[in-house]
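What follows is a short report on a single structure.
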Amino acid sequence: MSENKQAVVEIDRSAYEFKDIETEKDFYRIEEGLDEETVLKVSAEKNDPEWMRDHRLKCLKLYNEIEMPKWGPSIEGLDMNKICSYVRHKSEMKGKWEDVPEDIKNTFERLGIPQAERESLAGVGAQYDSELVYHNVKDEVAAQGVVYTDLESAMRSEYADMIKSHFMTLIPPTDHKFAALHGAVWSGGSFVYVPKGVKVDIPLQSYFRLNAAGAGQFEHTLIIVDEGADLHFIEGCSAPKYNVANLHAGAVELFVAKNARLRYSTIENWSKNMYNLNTKRALVEENGIMEWVSGSFGSHTGYLYPMTILKGDHSKMEFTGITFAGKGQNLDTGAKVVHQGVGTTSVINSKSISKDGGIGTYRSSVVIQNSAKKAKASVSCDSLMIDSISRADTIPGMDIRTNDADVGHEAKIGRISDDAIFYLMSRGISEEDAKAMIVSGFANPVSKELPLEYAVEMNNLIKLEMSGH
Amino acid sequence: MNRDLDMKVNVLPVLTYGFLKVNDSAISESDIKIDSLTTPDAKKMPSGIDVKRGVSFKEAGEIFEKNKDRIMYTTGVPGAPNADTTSRNDGQAIMTGMGIDVDELMISVDAKCDIYTAQEGIKVSEPVIIEYKMNDNEGSISSQVIHAKKNSEITVILFYESEKESAGFHGISTRLLAEDGAKINLFKIQMLGDKFIHFDDIGGACFEGGSINVTSLELGSKKTWTGCLVNLVEKEAELNTNMGYLVRDDHFLDINYVADHRGKNTNAVIMAKGVLMDSATKVFRGTIDFKNGSAGSAGDEQEDTLMLSPDVINRSMPVILCQEEDVDGRHGATIGQLGEDLLFYMQTRGIDEDEAKRMMIRARLDSVARTIPDDELAQKAKYYIQNIV
């Protein structure tokens, strides 16, 4: 067995899918299902201000009214009557790692989060089930005026008005059924504010762990990058695998002010019983830059299309994403962009890999409104089919409403070239390893956009998927 | 007419975001007006082609019903795509681009169908020419089946025309069967009046080594729906489509082209190039579908849209569906106005901007018009384009 093959075997999915048993003694869990009583219980747990409680009830009403999407993967296996909307550990959120309860601490230690914080991050938030269990930001970053905290605390702080004026304005609960669901039972998530002109040199990270079986996670991330500021935010997510469906319906709202830049990187590795119905949206003002880096590996079923509204003149967006759909997975991913401002630019680069019966769908929309004169949009999507029992579909949409725009689109679907495999095998590399190398190379445009530690993790995930474990 | 429902047509083979408004289109019942149910006699009928006129629409579909198992054959079913819509057309004798509502309309009004057949081994390069000269306020609906038996070849030109200012309704369904080694060349030239409502539906199947080539020029009409779905059933079957369009004023063009690859080493090319002017709207849906069993196949769709006014609307959905490993699928789209470099180059040669634009529009459409295998009709199309531009 080659050294490379050894490495493949060593990457064990148990690194992500180990389970910690949650007992009634340590965990509070509301009953399954969704009705007004459930929503009010979540609201009471969160000690919501009145406007938020009313907002939740309005969202519940909308959730009951809005139909399921008619497009995309089937979500028939998801029964909201069997999903618990709120689970928390009975301890409070901690600002010091040593104070975090032992069982939860072990989980995050195994996922390597504290180590990453020590080595390469400016701040870390860790959410376990429905609540943040740990939040910390480096002193020197806090001294610059950067706020990185849980959303609930921020809602009761000097930032209360800022949150009220931004919360669910980019993703209104009317947007779709699961945005309404999110509005009704959201819990946890982070608030980040980067003041004018502040450049945060090293990334902030939030890590989301959904440990409870049959539960939903509905965290809300709100990031405001003020004029001329600069931030890289990383989110990671994982969960143990259960035989019952879990649901993730988070929301990410990003506000990028004039001349500001935000990079939002995600490595999603939910377990393969997860319905990942997440919504992410960014609003970019004049000359602002929004960059998305997205790796989707986990979940049973996924709907994920980060959306950018290029409102300000000369604002820019770049999306770089990879999706790996393996056995039993139906991952529908892509990006959406709306050009409103003059001279706005968007670049979408997407890669997808389908293997072992997995279904990978690239879905996108590029809308260029009449006001977006001199807009430029470029879309490129490549899909790789590893075998003939899988699916790779490409469903891009464009709606162009001005002639003064330049839109280019290209897509390719194909297989790994036999010549390339033959060449590598002639150099003594096994067929399996040759395929893994080629797929890693295919994913390289995404991994090179990530900090080194995350690129390594992503490559490990690719090897893991290619080895079929 | 007695139908009390709008027609739902050009349904995208897989649904996507509702806000893009591309999942389907509707022909309003109030737009449908039918006075005539027959196809005119062919203006040119080369020897070697048989014609059977006035067959009922349903009866004419029997040839496809008989071959249904062969047409729909796949080696296995790893799974339909997300939000697959094809089952809604299961009741059609042969699936078409616009879908089952066209068949239901044809059957409900007892539309007649002419069947053109090239017998086995007979290759006729001279085209059958069928001209629809529509009068103001006239409504017509008709259909053809074009059947090329084993190793035969048939070329058909359908030409629709009316006075520039005329109104009316014109709907047509064309169903194609190219048997083993056979070739069907279909040309459609639409130059109807500025107030006409028009639909043009095509469905077909190609057996082993067969090919279907569809060339169309959409130049007139206030509202046009056109769809084409061809099943590349067996190995080495081919589909080539080449569309040129010119949409102007407040006109609307809605397109749904689909290549279904079922056999091994099948090949499809879907090309659409055109020009949008004034406050025109165009929706293009193009789908290359590699079904399980289509190993070694290639599909390519290319769209090139020139937008000449700030008020035009262009929607495009270039879709590739794939459940086979060994295939090569690609699509590309270029949407925008004439490049500044090109205009500058033209100006350095003494050609002003307006003239340069005219030349580029003509070049795009003439490249399609010149493939029409009848000089008189090709000239008519070119003259029409020249007049508009």
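Residues are named by chain letter and number: chains run A, B, ... in the order of the structure tokens, numbers start at 1 in each chain, and ligands are numbered from 1 in the order shown.
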
When the cut-off is 8 Å and we count only C-alpha atoms, which residues of chain A are near chain B, given as JSON, numbers by chain?
{"A": [70, 71, 72, 73, 74, 357, 363, 365, 370, 385, 386, 387, 388, 389, 390, 391, 392, 393, 394, 395, 396, 397, 398, 399, 400, 401, 402, 403, 404, 405, 406, 407, 408, 409, 410, 411, 412, 413, 414, 415]}

If we count only C-alpha atoms, what is near Trp270 in chain A at a cut-off of 7 Å, once residues fewer than 6 positions away on the same chain are taken out, given as number ranges by chain?
A: 237-239, 298-299

Could you dump the residues just selected with N, CA and C atoms as a PDB file, in the first residue's frame?
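Heads up, here's the output in selection.pdb:
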```pdb
ATOM      1  N   CYS A 237     -18.913  23.594  10.060  1.00  0.00           N
ATOM      2  CA  CYS A 237     -20.042  22.933  10.704  1.00  0.00           C
ATOM      3  C   CYS A 237     -19.909  21.428  10.581  1.00  0.00           C
ATOM      4  N   SER A 238     -20.327  20.718  11.615  1.00  0.00           N
ATOM      5  CA  SER A 238     -20.342  19.254  11.552  1.00  0.00           C
ATOM      6  C   SER A 238     -21.361  18.714  12.541  1.00  0.00           C
ATOM      7  N   ALA A 239     -21.660  17.438  12.406  1.00  0.00           N
ATOM      8  CA  ALA A 239     -22.639  16.796  13.287  1.00  0.00           C
ATOM      9  C   ALA A 239     -22.405  15.300  13.250  1.00  0.00           C
ATOM     10  N   GLY A 298     -20.825  17.750   3.331  1.00  0.00           N
ATOM     11  CA  GLY A 298     -21.735  16.928   4.117  1.00  0.00           C
ATOM     12  C   GLY A 298     -23.176  17.103   3.703  1.00  0.00           C
ATOM     13  N   SER A 299     -24.072  16.673   4.581  1.00  0.00           N
ATOM     14  CA  SER A 299     -25.530  16.763   4.441  1.00  0.00           C
ATOM     15  C   SER A 299     -26.114  15.659   3.579  1.00  0.00           C
TER      16      SER A 299
END
```

Excluding range 47-56 of chain B and residues on its chain fewer than 2 positions from it, collect all residues at most 12 Å away from it, counting only C-alpha atoms, and give them as a PyMOL selection string.
chain B and resi 37-42+44-45+58-62+103+106-129+142-149+152-156

Can you write out the residues you just picked, keeping C-alpha atoms, as a short mmCIF file (atom, residue, chain, number, x, y, z; two decimals), in the first residue's frame?
```
data_model
loop_
_atom_site.label_atom_id
_atom_site.label_comp_id
_atom_site.auth_asym_id
_atom_site.auth_seq_id
_atom_site.Cartn_x
_atom_site.Cartn_y
_atom_site.Cartn_z
CA LEU B 37 -57.27 23.40 -39.81
CA THR B 38 -55.39 22.38 -42.91
CA THR B 39 -51.89 22.64 -44.25
CA PRO B 40 -51.49 24.24 -47.67
CA ASP B 41 -50.38 22.04 -50.54
CA ALA B 42 -46.64 21.85 -50.86
CA LYS B 44 -42.63 22.22 -54.31
CA MET B 45 -42.92 18.48 -53.98
CA LYS B 58 -53.81 11.40 -33.09
CA GLU B 59 -53.67 8.87 -35.91
CA ALA B 60 -50.53 10.51 -37.27
CA GLY B 61 -48.89 9.93 -33.88
CA GLU B 62 -49.29 6.15 -34.10
CA ASP B 103 -51.17 18.06 -28.49
CA MET B 106 -54.57 19.87 -31.73
CA ILE B 107 -56.77 16.98 -30.64
CA SER B 108 -59.50 19.18 -29.14
CA VAL B 109 -59.97 21.11 -32.40
CA ASP B 110 -59.46 17.99 -34.57
CA ALA B 111 -56.45 19.48 -36.35
CA LYS B 112 -55.29 17.66 -39.44
CA CYS B 113 -51.83 16.34 -40.09
CA ASP B 114 -49.94 15.77 -43.35
CA ILE B 115 -47.41 12.95 -43.32
CA TYR B 116 -44.33 13.29 -45.52
CA THR B 117 -42.37 10.08 -45.94
CA ALA B 118 -39.04 9.29 -47.53
CA GLN B 119 -39.06 5.57 -48.24
CA GLU B 120 -36.20 3.29 -47.26
CA GLY B 121 -32.97 4.07 -49.07
CA ILE B 122 -34.43 7.06 -50.96
CA LYS B 123 -32.36 10.19 -50.54
CA VAL B 124 -33.96 13.40 -51.80
CA SER B 125 -31.86 16.51 -51.49
CA GLU B 126 -34.36 18.84 -53.18
CA PRO B 127 -36.61 20.37 -50.52
CA VAL B 128 -40.32 20.01 -49.99
CA ILE B 129 -41.52 23.60 -49.65
CA SER B 142 -51.90 22.57 -38.57
CA SER B 143 -49.36 19.81 -38.20
CA GLN B 144 -46.95 17.59 -40.07
CA VAL B 145 -45.19 14.34 -39.46
CA ILE B 146 -41.91 13.94 -41.33
CA HIS B 147 -40.79 10.34 -41.51
CA ALA B 148 -37.43 9.36 -42.95
CA LYS B 149 -37.24 5.60 -43.23
CA SER B 152 -33.27 7.88 -46.50
CA GLU B 153 -33.06 11.68 -46.57
CA ILE B 154 -35.70 14.37 -46.68
CA THR B 155 -35.52 18.15 -46.59
CA VAL B 156 -38.56 20.28 -45.73
#
```

Would you return as number ranges by chain the members of range 368-416 of chain A that DSSP assigns to strand (DSSP E) on this structure's backbone?
A: 368, 375-385, 391-400, 405-415

From the options B:Ser36, B:Asn67, B:Ser173, B:Asn89, which residue's atoms come nearest to Ser140 in chain B, counting only C-alpha atoms?
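Distance minimum relative to Ser140 in chain B lands on B:Ser36.
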
Do a neighbour search on range 29-44 of chain A at 7 Å with only C-alpha atoms, toss out local chain neighbours closer than 6 positions, and write the hits as a VMD selection string.
chain A and resid 53 56 to 57 80 to 88 184 to 185

State, in Å with one decimal place, the distance from CA of Ser87 in chain B to CA of Ile27 in chain B.
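Atom-to-atom, CA of Ser87 in chain B and CA of Ile27 in chain B are spaced 20.6 Å apart.
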
Let me make sure I understand: among B:Asp24, B:Glu353, B:Glu161, B:Asp366, which one has the smallest atom-to-atom distance to Tyr245 in chain B if we use only C-alpha atoms?
B:Asp366

Which residue of B:Tyr384, B:Lys66, B:Gly209, B:Glu104 approaches Gln92 in chain B most closely, using only C-alpha atoms
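Of B:Tyr384, B:Lys66, B:Gly209, B:Glu104, the one nearest Gln92 in chain B, counting only C-alpha atoms, is B:Glu104.
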